[in-house]
Structure formats: C-alpha cells, structure tokens
file start.cif (mmCIF, C-alpha atoms)
data_protein
loop_
_atom_site.label_atom_id
_atom_site.label_comp_id
_atom_site.auth_asym_id
_atom_site.auth_seq_id
_atom_site.Cartn_x
_atom_site.Cartn_y
_atom_site.Cartn_z
CA MET A 13 78.80 62.54 -97.64
CA SER A 14 81.68 63.03 -95.28
CA PRO A 15 82.92 60.27 -93.08
CA ALA A 16 81.70 62.18 -90.07
CA ALA A 17 78.23 62.19 -91.48
CA ARG A 18 78.20 58.42 -92.02
CA ARG A 19 79.13 57.76 -88.33
CA PRO A 20 76.26 56.37 -86.35
CA ALA A 21 74.86 58.44 -83.58
CA ALA A 22 76.06 57.57 -80.13
CA PRO A 23 73.45 55.83 -77.93
CA VAL A 24 71.88 57.90 -75.22
CA ARG A 25 72.65 56.58 -71.82
CA ARG A 26 69.88 56.86 -69.21
CA PRO A 27 70.63 56.76 -65.52
CA ALA A 28 69.74 53.39 -63.91
CA ALA A 29 66.68 53.34 -61.66
CA ARG A 30 67.62 53.61 -58.10
CA PRO A 31 66.25 50.61 -56.05
CA ALA A 32 63.47 51.50 -53.69
CA ALA A 33 64.43 51.59 -50.08
CA PRO A 34 62.81 48.89 -47.95
CA PRO A 35 60.03 50.15 -45.76
CA ALA A 36 60.74 50.87 -42.18
CA ALA A 37 59.98 48.19 -39.59
CA ASP A 38 57.23 50.25 -38.00
CA GLU A 39 55.58 51.32 -41.26
CA PRO A 40 53.26 49.16 -43.35
CA ALA A 41 54.36 48.25 -46.82
CA ALA A 42 53.04 50.48 -49.57
CA TRP A 43 50.55 48.88 -51.86
CA SER A 44 51.44 48.95 -55.51
CA PRO A 45 48.79 48.55 -58.23
CA ARG A 46 51.15 46.23 -60.05
CA GLU A 47 51.20 43.79 -57.12
CA PRO A 48 48.39 41.16 -56.73
CA ALA A 49 45.49 42.11 -54.50
CA GLU A 50 46.38 40.16 -51.37
CA ALA A 51 45.52 40.65 -47.73
CA PRO A 52 48.04 42.96 -46.10
CA PRO A 53 50.35 41.13 -43.72
CA ARG A 54 49.49 41.26 -40.05
CA THR A 55 51.95 42.25 -37.39
CA VAL A 56 52.10 40.31 -34.14
CA ALA A 57 53.95 41.70 -31.17
CA LEU A 58 55.97 39.03 -29.42
CA PRO A 59 56.38 39.30 -25.64
CA PRO A 60 59.87 39.63 -24.23
CA THR A 61 61.62 36.30 -23.81
CA GLY A 62 63.79 37.09 -20.85
CA PRO A 63 62.73 38.19 -17.38
CA ALA A 64 65.25 41.03 -17.39
CA ALA A 65 64.43 42.35 -20.88
CA PRO A 66 63.34 45.97 -20.56
CA GLN A 67 60.20 47.16 -22.28
CA ALA A 68 62.10 49.83 -24.18
CA SER A 69 64.22 47.14 -25.89
CA ALA A 70 61.24 44.96 -26.89
CA ALA A 71 61.64 43.09 -30.14
CA PRO A 72 60.03 44.76 -33.15
CA PRO A 73 56.76 43.28 -34.32
CA VAL A 74 57.08 40.36 -36.67
CA ARG A 75 55.22 40.71 -39.95
CA GLU A 76 53.15 37.64 -40.80
CA ARG A 77 52.93 36.46 -44.30
CA PRO A 78 49.54 35.84 -46.00
CA GLU A 79 50.22 32.15 -46.32
CA ASP A 80 50.88 31.92 -42.54
CA VAL A 81 47.57 33.66 -41.86
CA ALA A 82 45.72 31.17 -44.10
CA ALA A 83 47.36 28.22 -42.34
CA ASP A 84 46.44 29.66 -38.95
CA GLU A 85 42.80 29.97 -40.05
CA LEU A 86 42.79 26.30 -41.12
CA ARG A 87 44.21 25.18 -37.76
CA ARG A 88 41.57 27.10 -35.79
CA PRO A 89 38.83 24.70 -34.45
CA PRO A 90 35.42 25.19 -36.00
CA ALA A 91 32.70 26.92 -34.03
CA ARG A 92 30.39 24.60 -32.07
CA GLU A 93 27.02 23.81 -33.50
CA GLY A 94 24.14 25.53 -31.79
CA ARG A 95 26.22 28.61 -30.82
CA SER A 96 26.16 32.05 -32.39
CA ALA A 97 28.80 34.76 -32.30
CA ARG A 98 28.24 37.82 -30.22
CA ALA A 99 29.12 41.31 -31.29
CA ASP A 100 32.47 41.15 -29.48
CA GLY A 101 33.45 37.97 -31.32
CA ALA A 102 32.82 35.53 -28.42
CA GLU A 103 30.48 32.59 -28.89
CA ARG A 104 27.14 32.47 -27.13
CA PRO A 105 24.67 29.59 -26.92
CA ALA A 106 21.85 29.71 -29.39
CA GLY A 107 18.29 28.61 -28.53
CA PRO A 108 17.18 25.00 -29.25
CA VAL A 109 16.13 24.43 -32.77
CA ALA A 110 12.58 23.09 -32.81
CA ASP A 111 12.07 19.97 -34.88
CA PRO A 112 8.41 19.79 -35.93
CA ALA A 113 8.64 16.13 -36.92
CA ALA A 114 10.18 15.11 -33.61
CA ARG A 115 7.60 17.14 -31.70
CA ARG A 116 4.75 15.44 -33.60
CA ARG A 117 6.26 12.04 -32.86
CA ARG A 118 6.40 12.83 -29.14
CA VAL A 119 2.79 14.01 -29.16
CA TRP A 120 1.56 10.88 -30.92
CA LEU A 121 3.60 8.69 -28.57
CA ALA A 122 2.01 10.36 -25.52
CA VAL A 123 -1.45 9.94 -27.03
CA ALA A 124 -0.80 6.26 -27.75
CA VAL A 125 0.47 5.58 -24.22
CA GLY A 126 -2.52 7.37 -22.67
CA ALA A 127 -4.96 5.43 -24.85
CA ALA A 128 -3.29 2.14 -23.92
CA VAL A 129 -3.55 2.95 -20.20
CA VAL A 130 -7.22 3.88 -20.53
CA LEU A 131 -7.99 0.67 -22.44
CA LEU A 132 -6.12 -1.39 -19.84
CA LEU A 133 -8.03 0.17 -16.96
CA ALA A 134 -11.33 -0.23 -18.77
CA GLY A 135 -10.60 -3.89 -19.45
CA ALA A 136 -9.66 -4.54 -15.84
CA ALA A 137 -12.81 -2.81 -14.60
CA TYR A 138 -14.96 -4.82 -16.99
CA ALA A 139 -13.32 -8.08 -15.96
CA LEU A 140 -13.70 -7.39 -12.22
CA LEU A 141 -17.08 -5.69 -12.13
CA VAL A 142 -19.10 -6.98 -15.09
CA SER A 143 -17.81 -10.21 -16.59
CA SER A 144 -18.08 -13.68 -15.12
CA LEU A 145 -14.32 -14.13 -14.76
CA THR A 146 -14.62 -13.59 -10.99
CA ALA A 147 -18.24 -14.63 -10.47
CA LEU A 148 -19.16 -16.12 -7.08
CA THR A 149 -19.77 -19.84 -7.51
CA TRP A 150 -19.17 -21.39 -4.07
CA VAL A 151 -19.52 -20.56 -0.36
CA GLN A 152 -17.29 -22.13 2.28
CA VAL A 153 -18.72 -22.32 5.81
CA SER A 154 -16.79 -23.00 9.01
CA GLY A 155 -17.78 -22.97 12.69
CA ALA A 156 -21.49 -23.63 12.09
CA ASP A 157 -21.69 -26.90 14.04
CA ARG A 158 -25.16 -26.32 15.50
CA THR A 159 -26.40 -23.92 12.84
CA GLY A 160 -25.47 -26.13 9.90
CA PRO A 161 -23.66 -25.10 6.67
CA ALA A 162 -26.88 -25.25 4.64
CA ALA A 163 -28.46 -22.38 6.60
CA VAL A 164 -25.39 -20.20 6.08
CA GLU A 165 -25.22 -21.00 2.36
CA GLN A 166 -28.87 -20.09 2.04
CA ALA A 167 -28.15 -16.70 3.59
CA ALA A 168 -25.60 -16.03 0.84
CA SER A 169 -27.50 -17.60 -2.05
CA ASP A 170 -28.63 -14.28 -3.55
CA GLN A 171 -25.00 -13.29 -4.15
CA LEU A 172 -24.16 -16.27 -6.35
CA GLY A 173 -23.22 -15.29 -9.90
CA LEU A 174 -22.12 -11.77 -9.03
CA PRO A 175 -18.49 -10.67 -9.50
CA LEU A 176 -16.64 -10.88 -6.20
CA LEU A 177 -16.06 -7.14 -6.01
CA ARG A 178 -19.81 -6.58 -6.20
CA VAL A 179 -20.72 -9.18 -3.57
CA ASP A 180 -22.39 -7.52 -0.58
CA ASP A 181 -20.54 -9.35 2.19
CA ALA A 182 -22.01 -7.04 4.84
CA ALA A 183 -25.53 -8.14 3.89
CA VAL A 184 -24.45 -11.78 4.03
CA VAL A 185 -22.99 -11.32 7.53
CA GLN A 186 -26.13 -9.54 8.72
CA ARG A 187 -28.38 -12.38 7.56
CA VAL A 188 -26.09 -15.05 9.04
CA GLU A 189 -26.03 -13.32 12.44
CA GLN A 190 -29.82 -13.47 12.56
CA LEU A 191 -29.67 -17.27 12.74
CA PRO A 192 -30.45 -18.56 16.27
CA TRP A 193 -27.14 -20.15 17.17
CA VAL A 194 -24.87 -17.53 15.59
CA ALA A 195 -23.14 -15.07 17.92
CA SER A 196 -21.05 -13.40 15.19
CA ALA A 197 -19.95 -14.00 11.62
CA ARG A 198 -17.29 -12.79 9.21
CA ALA A 199 -17.16 -13.06 5.39
CA GLU A 200 -13.98 -13.09 3.31
CA ARG A 201 -13.67 -13.06 -0.49
CA ARG A 202 -11.58 -15.87 -1.95
CA PHE A 203 -10.57 -15.02 -5.51
CA PRO A 204 -11.47 -15.89 -8.09
CA HIS A 205 -14.84 -17.54 -7.30
CA GLY A 206 -15.28 -18.10 -3.55
CA LEU A 207 -16.68 -16.59 -0.37
CA ALA A 208 -15.62 -17.91 3.05
CA VAL A 209 -18.02 -17.39 5.98
CA LEU A 210 -16.60 -17.91 9.50
CA VAL A 211 -19.25 -18.40 12.17
CA THR A 212 -18.91 -18.10 15.95
CA GLU A 213 -21.81 -19.81 17.67
CA LYS A 214 -23.40 -19.09 21.02
CA VAL A 215 -22.68 -21.35 23.97
CA PRO A 216 -25.73 -22.48 26.00
CA VAL A 217 -25.10 -22.34 29.73
CA ALA A 218 -28.54 -23.14 31.07
CA ALA A 219 -31.87 -24.59 30.04
CA VAL A 220 -35.15 -23.47 31.52
CA PRO A 221 -38.57 -25.02 30.98
CA ALA A 222 -40.58 -23.48 28.19
CA GLU A 223 -43.11 -20.89 29.24
CA GLY A 224 -46.76 -21.71 29.56
CA GLY A 225 -46.17 -25.36 30.14
CA ALA A 226 -45.12 -25.95 26.54
CA PRO A 227 -42.96 -28.99 25.92
CA GLY A 228 -39.23 -28.60 25.66
CA VAL A 229 -36.77 -26.20 27.17
CA VAL A 230 -35.35 -22.80 26.33
CA LEU A 231 -31.57 -22.55 26.02
CA LEU A 232 -29.87 -19.47 27.49
CA ASP A 233 -26.43 -17.99 26.77
CA HIS A 234 -24.00 -16.23 29.15
CA ASP A 235 -25.98 -13.01 29.02
CA GLY A 236 -29.23 -14.78 29.80
CA GLY A 237 -30.46 -14.28 26.26
CA THR A 238 -32.57 -16.87 24.57
CA ILE A 239 -30.75 -18.94 21.98
CA THR A 240 -33.42 -21.32 20.80
CA THR A 241 -35.79 -23.99 22.02
CA ALA A 242 -34.96 -27.66 22.25
CA ASP A 243 -36.64 -30.87 23.27
CA ALA A 244 -34.19 -31.38 26.17
CA ALA A 245 -31.13 -29.78 27.66
CA PRO A 246 -27.98 -30.64 25.66
CA GLU A 247 -25.18 -32.60 27.28
CA GLY A 248 -23.30 -30.44 29.76
CA VAL A 249 -26.03 -27.81 30.04
CA PRO A 250 -27.72 -27.68 33.47
CA LEU A 251 -31.50 -27.61 33.59
CA VAL A 252 -33.10 -25.02 35.86
CA GLN A 253 -36.07 -26.67 37.60
CA VAL A 254 -37.95 -24.26 39.81
CA ASP A 255 -41.59 -24.39 40.80
CA VAL A 256 -42.70 -20.88 40.13
CA ALA A 257 -45.99 -21.32 42.01
CA ALA A 258 -44.25 -22.59 45.17
CA SER A 259 -40.99 -20.69 45.12
CA GLY A 260 -41.85 -17.53 43.21
CA ALA A 261 -40.28 -15.73 40.30
CA ALA A 262 -37.39 -14.51 42.47
CA ALA A 263 -36.26 -18.10 42.99
CA VAL A 264 -36.33 -18.68 39.24
CA ARG A 265 -34.15 -15.61 38.64
CA ALA A 266 -31.70 -16.66 41.37
CA ALA A 267 -31.36 -20.20 39.99
CA SER A 268 -30.85 -18.89 36.46
CA ALA A 269 -28.19 -16.42 37.70
CA VAL A 270 -26.25 -19.21 39.45
CA ALA A 271 -26.47 -21.45 36.40
CA LEU A 272 -25.09 -18.69 34.19
CA ALA A 273 -22.22 -17.92 36.61
CA LEU A 274 -20.90 -21.47 36.94
CA PRO A 275 -17.43 -22.06 35.52
CA GLN A 276 -17.17 -24.39 32.57
CA ASP A 277 -15.62 -27.35 34.43
CA LEU A 278 -18.25 -27.28 37.18
CA ARG A 279 -21.14 -26.63 34.79
CA ALA A 280 -20.31 -29.80 32.90
CA GLN A 281 -20.93 -31.80 36.14
CA VAL A 282 -24.29 -30.20 36.98
CA ALA A 283 -27.44 -32.02 35.91
CA SER A 284 -29.97 -29.51 37.26
CA VAL A 285 -30.30 -26.33 39.30
CA THR A 286 -33.15 -26.03 41.78
CA ALA A 287 -34.24 -23.31 44.19
CA ALA A 288 -36.64 -23.31 47.09
CA GLY A 289 -36.18 -19.54 47.38
CA PRO A 290 -33.87 -16.79 46.18
CA ASP A 291 -31.36 -17.61 48.96
CA ASP A 292 -31.51 -21.39 48.62
CA VAL A 293 -30.12 -22.42 45.26
CA ARG A 294 -28.86 -26.02 44.99
CA LEU A 295 -26.91 -27.98 42.36
CA ALA A 296 -27.61 -31.62 41.57
CA LEU A 297 -24.46 -33.20 40.11
CA ARG A 298 -24.42 -36.05 37.62
CA SER A 299 -22.34 -38.07 40.08
CA GLY A 300 -25.21 -38.01 42.63
CA GLN A 301 -23.55 -35.40 44.85
CA GLU A 302 -25.28 -32.19 45.93
CA VAL A 303 -24.00 -28.64 46.41
CA ARG A 304 -25.88 -26.04 48.41
CA TRP A 305 -24.95 -22.78 46.73
CA GLY A 306 -27.11 -20.36 48.61
CA ALA A 307 -27.79 -16.93 47.14
CA PRO A 308 -26.09 -15.69 43.95
CA GLY A 309 -22.79 -13.94 44.64
CA ASP A 310 -19.16 -14.84 45.42
CA ASP A 311 -19.50 -17.38 42.61
CA ASP A 312 -15.76 -17.69 41.86
CA LEU A 313 -14.86 -18.28 45.51
CA LYS A 314 -17.67 -20.81 45.95
CA ALA A 315 -16.59 -22.69 42.82
CA ARG A 316 -12.99 -22.98 44.12
CA VAL A 317 -14.16 -24.30 47.49
CA VAL A 318 -16.41 -26.87 45.79
CA ALA A 319 -13.50 -28.00 43.61
CA LEU A 320 -11.42 -28.63 46.77
CA LEU A 321 -14.08 -30.45 48.82
CA LEU A 322 -15.93 -32.60 46.30
CA PRO A 323 -13.02 -34.97 45.48
CA ARG A 324 -12.66 -35.98 49.16
CA GLU A 325 -13.59 -39.52 49.95
CA GLY A 326 -17.11 -40.07 51.27
CA VAL A 327 -18.30 -36.51 50.57
CA THR A 328 -21.85 -36.51 49.23
CA ARG A 329 -22.92 -32.95 50.09
CA VAL A 330 -21.06 -29.63 50.19
CA ASP A 331 -22.48 -26.40 51.63
CA VAL A 332 -20.80 -23.26 50.35
CA SER A 333 -23.58 -20.78 51.12
CA ALA A 334 -20.97 -19.26 53.48
CA PRO A 335 -17.80 -19.83 51.43
CA LEU A 336 -15.43 -18.84 54.25
CA ALA A 337 -17.00 -21.48 56.50
CA PRO A 338 -17.93 -24.38 54.20
CA ALA A 339 -19.42 -27.66 55.45
CA THR A 340 -19.47 -31.21 54.10
CA ALA A 341 -21.61 -34.24 54.80
#
call {"tool": "encode", "arguments": {"input": "start.cif", "output": "structure tokens"}}
result
Amino acid sequence: MSPAARRPAAPVRRPAARPAAPPAADEPAAWSPREPAEAPPRTVALPPTGPAAPQASAAPPVRERPEDVAADELRRPPAREGRSARADGAERPAGPVADPAARRRRVWLAVAVGAAVVLLLAGAAYALLVSSLTALTWVQVSGADRTGPAAVEQAASDQLGLPLLRVDDAAVVQRVEQLPWVASARAERRFPHGLAVLVTEKVPVAAVPAEGGAPGVVLLDHDGGTITTADAAPEGVPLVQVDVAASGAAAVRAASAVALALPQDLRAQVASVTAAGPDDVRLALRSGQEVRWGAPGDDDLKARVVALLLPREGVTRVDVSAPLAPATA
C-alpha cells in the first residue's frame, strides 16, 4: 500500500449553527417543544413617567417572568368569604348560608321562652284568683261612729276567704250604705289580706216627735230625710215641738224647715223649735233666751243678725221676723 493510501482521511468540517436571533420586542417568544411547558410571560404596559413624554415615544411593554407572576398571585389578598365572582371577574355578595342546627336552636329557644312566659302568667293568675295567698281575712272600718264597726264588718262578712281580686267591693259598699246612719261608703283593697271601708255618716239637724204618739223622736238630716228613731234628741240637735191639732200641719213643716236651715253654730244653741203657725216659728235656746224667727226664708241674714244681737248684755229676746228691722227685749 502506498503512503498516500495509508494517510487518514481528512475530517469533514460542518458549518457552525448560526445563533437564533432574539425575538422582537413586540412579538411573543416562540414556543419550543424542547423547553419546559411553562405559562407564557405576560406583558405589562407601563405608563409614561414624565408629564412631557409623548405617546409615540412610550416605553415598550415589559415582559414579566413566570416567577414574578407567581409571586404576584401570592401577594393578592384572598377573596372574602360569602362572596362569589361574577362573570366579569368582580366579586358579588352571596346569599346567607342557612345553618339548620342554628335554626333549630333558635326555634327551641323561642318555644322555651314562650312556655316560660305562659307558665309564669298561669302561676300569677292562680295565686291571685284561686289560691289563699291573697285571701281576705280582715276588714278595717273608719268613720262609723254612730253606725258601729260591727255592723259594717257584718256587711262584708260574706267576702271573707275570697282572694282580694275576687272580692265584690261594690256589693259591700251597697250593703253598708243601706245602714241607717251611713250617707256614703267607699271600699279599698289592702294587699295582701285586707279590705278598708271608709264610712261617711249622716248628720242629724232636727228631731221631730214620732208619728202616732209613739215614744221617741225621729232624727232628720239636711234634706229632711229620716235617719233613724231615737229615745231623745241627741246633744246639739233641736227638737221640733209643734201641736199639730192646734197649729196645723203647715206649722209643723215651717218649724222643720227652719230647724234644717239653721247654721251649725246656732243650731248647737237651740234646745227646741216651736211654731204657733207657719209664720210664727220660734227658737228656744239652751241659755234661756228666745228668738222669734218668723216664717222660713232669709235664713242666712236672720242668723247673722241673731249672732250680733244675742251677745249684748241684758238681751233675753230677739225678733228677726223682719231682719232689716230687728228688735230686742
């Protein structure tokens, strides 16, 4: 073999691969199958930094790297609970989520409170209307000087033992006012066991002999109504003494009218009222003095004149039948 044949073959030189040109700033990078499947970088346009920067010379968009995008997602605040995203990406409030257990608890709580209120009202009604916790056990009487407390207590005896709210105080008052000396009455409940009865009694202003010649006298009030009968006229109550056969019924009516019209201070001094006729009514005073009153009428004026003339020394008789021209003796 010749020396030329033993010479090794010269290596074949291949042209070097030309480096790929970088992509333009306004074109996205080409995806290569050899590169890892990553999210393509996003481009963010930055606003001009200077007030005089023209729009034509705006800075080219900056390409974000995938790792910057991931960090930005981590820094973004989480969506609020109870809100759902709308189609345009904005959040919208979602409806309240019903909690069956909480709703059952609220229902049972309302039922328990209602039952407690009903039981409380039922217990209060039982205590006040049925039980003996407020039963009437005593009656307090005031103002019944002539009537007597025993008569008033007897009028309320049928209410003893009843709860105070069931006591018929109107019935008690009605029975008390039927007593002879009682002009009016008032009943007040005193919890827990009492009833107070306040009595206003009639005031006798005159006493007339009993009819038919019966013993005793009949006591009259301011209206001429009969109060009750008594053996004699009480202290300070004038006795009307008129002979009906001699003077007539008109004289009796005139004497009774004068006795009823006397003021309290003068009435207390009168022992008896007599009348010889309807125009001749006379007052016999306890001091022994006498007042000729005349016919009923001008009673206030006559009483003032009598009060002026009686205290004079030596006066034993005063005539006020003509009050503007009185006379003394």
call {"tool": "atom_distance", "arguments": {"input": "start.cif", "atom1": "CA of Lys214 in chain A", "atom2": "CA of Arg265 in chain A"}}
result
20.9 Å
call {"tool": "resolve_selection", "arguments": {"input": "start.cif", "expression": "the PyMOL selection byres ((chain A and resi 276) around 12)", "output": "MDAnalysis selection string"}}
result
chainID A and resid 215:218 234 248:250 271:275 277:282 312 315
call {"tool": "resolve_selection", "arguments": {"input": "start.cif", "expression": "the PyMOL selection byres ((chain A and resi 237) around 12)", "output": "PDB file with C-alpha atoms, keeping the file's coordinate frame"}}
result
ATOM      1  CA  PRO A 192     -30.450 -18.560  16.270  1.00  0.00           C
ATOM      2  CA  TRP A 193     -27.140 -20.150  17.170  1.00  0.00           C
ATOM      3  CA  ALA A 195     -23.140 -15.070  17.920  1.00  0.00           C
ATOM      4  CA  LYS A 214     -23.400 -19.090  21.020  1.00  0.00           C
ATOM      5  CA  VAL A 215     -22.680 -21.350  23.970  1.00  0.00           C
ATOM      6  CA  PRO A 216     -25.730 -22.480  26.000  1.00  0.00           C
ATOM      7  CA  VAL A 217     -25.100 -22.340  29.730  1.00  0.00           C
ATOM      8  CA  ALA A 218     -28.540 -23.140  31.070  1.00  0.00           C
ATOM      9  CA  ALA A 219     -31.870 -24.590  30.040  1.00  0.00           C
ATOM     10  CA  VAL A 220     -35.150 -23.470  31.520  1.00  0.00           C
ATOM     11  CA  VAL A 230     -35.350 -22.800  26.330  1.00  0.00           C
ATOM     12  CA  LEU A 231     -31.570 -22.550  26.020  1.00  0.00           C
ATOM     13  CA  LEU A 232     -29.870 -19.470  27.490  1.00  0.00           C
ATOM     14  CA  ASP A 233     -26.430 -17.990  26.770  1.00  0.00           C
ATOM     15  CA  HIS A 234     -24.000 -16.230  29.150  1.00  0.00           C
ATOM     16  CA  ASP A 235     -25.980 -13.010  29.020  1.00  0.00           C
ATOM     17  CA  GLY A 236     -29.230 -14.780  29.800  1.00  0.00           C
ATOM     18  CA  THR A 238     -32.570 -16.870  24.570  1.00  0.00           C
ATOM     19  CA  ILE A 239     -30.750 -18.940  21.980  1.00  0.00           C
ATOM     20  CA  THR A 240     -33.420 -21.320  20.800  1.00  0.00           C
ATOM     21  CA  THR A 241     -35.790 -23.990  22.020  1.00  0.00           C
ATOM     22  CA  SER A 268     -30.850 -18.890  36.460  1.00  0.00           C
ATOM     23  CA  ALA A 269     -28.190 -16.420  37.700  1.00  0.00           C
ATOM     24  CA  LEU A 272     -25.090 -18.690  34.190  1.00  0.00           C
TER      25      LEU A 272
END
call {"tool": "atom_distance", "arguments": {"input": "start.cif", "atom1": "CA of Gln301 in chain A", "atom2": "CA of Pro227 in chain A"}}
result
27.9 Å
call {"tool": "resolve_selection", "arguments": {"input": "start.cif", "expression": "the PyMOL selection byres ((chain A and resi 166) around 12)", "output": "JSON, numbers by chain"}}
result
{"A": [150, 151, 152, 153, 159, 160, 161, 162, 163, 164, 165, 167, 168, 169, 170, 171, 172, 184, 185, 187, 188, 191, 209]}
call {"tool": "write_last_selection", "arguments": {"input": "start.cif", "atoms": "C-alpha atoms", "output": "PDB file, keeping the file's coordinate frame"}}
result
ATOM      1  CA  TRP A 150     -19.170 -21.390  -4.070  1.00  0.00           C
ATOM      2  CA  VAL A 151     -19.520 -20.560  -0.360  1.00  0.00           C
ATOM      3  CA  GLN A 152     -17.290 -22.130   2.280  1.00  0.00           C
ATOM      4  CA  VAL A 153     -18.720 -22.320   5.810  1.00  0.00           C
ATOM      5  CA  THR A 159     -26.400 -23.920  12.840  1.00  0.00           C
ATOM      6  CA  GLY A 160     -25.470 -26.130   9.900  1.00  0.00           C
ATOM      7  CA  PRO A 161     -23.660 -25.100   6.670  1.00  0.00           C
ATOM      8  CA  ALA A 162     -26.880 -25.250   4.640  1.00  0.00           C
ATOM      9  CA  ALA A 163     -28.460 -22.380   6.600  1.00  0.00           C
ATOM     10  CA  VAL A 164     -25.390 -20.200   6.080  1.00  0.00           C
ATOM     11  CA  GLU A 165     -25.220 -21.000   2.360  1.00  0.00           C
ATOM     12  CA  ALA A 167     -28.150 -16.700   3.590  1.00  0.00           C
ATOM     13  CA  ALA A 168     -25.600 -16.030   0.840  1.00  0.00           C
ATOM     14  CA  SER A 169     -27.500 -17.600  -2.050  1.00  0.00           C
ATOM     15  CA  ASP A 170     -28.630 -14.280  -3.550  1.00  0.00           C
ATOM     16  CA  GLN A 171     -25.000 -13.290  -4.150  1.00  0.00           C
ATOM     17  CA  LEU A 172     -24.160 -16.270  -6.350  1.00  0.00           C
ATOM     18  CA  VAL A 184     -24.450 -11.780   4.030  1.00  0.00           C
ATOM     19  CA  VAL A 185     -22.990 -11.320   7.530  1.00  0.00           C
ATOM     20  CA  ARG A 187     -28.380 -12.380   7.560  1.00  0.00           C
ATOM     21  CA  VAL A 188     -26.090 -15.050   9.040  1.00  0.00           C
ATOM     22  CA  LEU A 191     -29.670 -17.270  12.740  1.00  0.00           C
ATOM     23  CA  VAL A 209     -18.020 -17.390   5.980  1.00  0.00           C
TER      24      VAL A 209
END
call {"tool": "closest_residue", "arguments": {"input": "start.cif", "among": "A:Asp310, A:Glu189, A:Asp157, A:Asp243", "to": "Ser333 in chain A", "atoms": "all atoms listed in the file"}}
result
A:Asp310
call {"tool": "residues_around", "arguments": {"input": "start.cif", "residues": "Leu174 in chain A", "least_positions_apart": "6", "cutoff": "12 Å", "atoms": "all atoms listed in the file", "output": "PDB file with C-alpha atoms, in the coordinates of the input"}}
result
ATOM      1  CA  ALA A 139     -13.320  -8.080 -15.960  1.00  0.00           C
ATOM      2  CA  LEU A 140     -13.700  -7.390 -12.220  1.00  0.00           C
ATOM      3  CA  LEU A 141     -17.080  -5.690 -12.130  1.00  0.00           C
ATOM      4  CA  VAL A 142     -19.100  -6.980 -15.090  1.00  0.00           C
ATOM      5  CA  SER A 143     -17.810 -10.210 -16.590  1.00  0.00           C
ATOM      6  CA  SER A 144     -18.080 -13.680 -15.120  1.00  0.00           C
ATOM      7  CA  LEU A 145     -14.320 -14.130 -14.760  1.00  0.00           C
ATOM      8  CA  THR A 146     -14.620 -13.590 -10.990  1.00  0.00           C
ATOM      9  CA  ALA A 147     -18.240 -14.630 -10.470  1.00  0.00           C
ATOM     10  CA  LEU A 148     -19.160 -16.120  -7.080  1.00  0.00           C
ATOM     11  CA  THR A 149     -19.770 -19.840  -7.510  1.00  0.00           C
ATOM     12  CA  TRP A 150     -19.170 -21.390  -4.070  1.00  0.00           C
ATOM     13  CA  ALA A 168     -25.600 -16.030   0.840  1.00  0.00           C
ATOM     14  CA  ASP A 180     -22.390  -7.520  -0.580  1.00  0.00           C
ATOM     15  CA  ASP A 181     -20.540  -9.350   2.190  1.00  0.00           C
ATOM     16  CA  PRO A 204     -11.470 -15.890  -8.090  1.00  0.00           C
ATOM     17  CA  HIS A 205     -14.840 -17.540  -7.300  1.00  0.00           C
ATOM     18  CA  GLY A 206     -15.280 -18.100  -3.550  1.00  0.00           C
ATOM     19  CA  LEU A 207     -16.680 -16.590  -0.370  1.00  0.00           C
TER      20      LEU A 207
END
call {"tool": "atom_distance", "arguments": {"input": "start.cif", "atom1": "CA of Gln186 in chain A", "atom2": "CA of Val229 in chain A"}}
result
27.0 Å
call {"tool": "residues_around", "arguments": {"input": "start.cif", "residues": "Val270 in chain A", "least_positions_apart": "6", "cutoff": "9 Å", "atoms": "all atoms listed in the file", "output": "PyMOL selection string"}}
result
chain A and resi 285+293+305+307-309+311
call {"tool": "closest_residue", "arguments": {"input": "start.cif", "among": "A:Leu320, A:Ala266, A:Val330, A:Val179", "to": "Leu297 in chain A", "atoms": "all atoms listed in the file"}}
result
A:Val330
call {"tool": "residues_near_point", "arguments": {"input": "start.cif", "point": "(-16.8, -21.1, 18.4)", "cutoff": "7 Å", "atoms": "only C-alpha atoms", "output": "PyMOL selection string"}}
result
chain A and resi 155+212-213
call {"tool": "residues_around", "arguments": {"input": "start.cif", "residues": "Ala288 in chain A", "least_positions_apart": "5", "cutoff": "8 Å", "atoms": "only C-alpha atoms", "output": "mmCIF file with C-alpha atoms, in the coordinates of the input"}}
result
data_model
loop_
_atom_site.group_PDB
_atom_site.id
_atom_site.type_symbol
_atom_site.label_atom_id
_atom_site.label_comp_id
_atom_site.auth_asym_id
_atom_site.auth_seq_id
_atom_site.Cartn_x
_atom_site.Cartn_y
_atom_site.Cartn_z
ATOM 1 C CA VAL A 254 -37.950 -24.260 39.810
ATOM 2 C CA ALA A 258 -44.250 -22.590 45.170
ATOM 3 C CA SER A 259 -40.990 -20.690 45.120
ATOM 4 C CA ALA A 263 -36.260 -18.100 42.990
ATOM 5 C CA VAL A 293 -30.120 -22.420 45.260
#
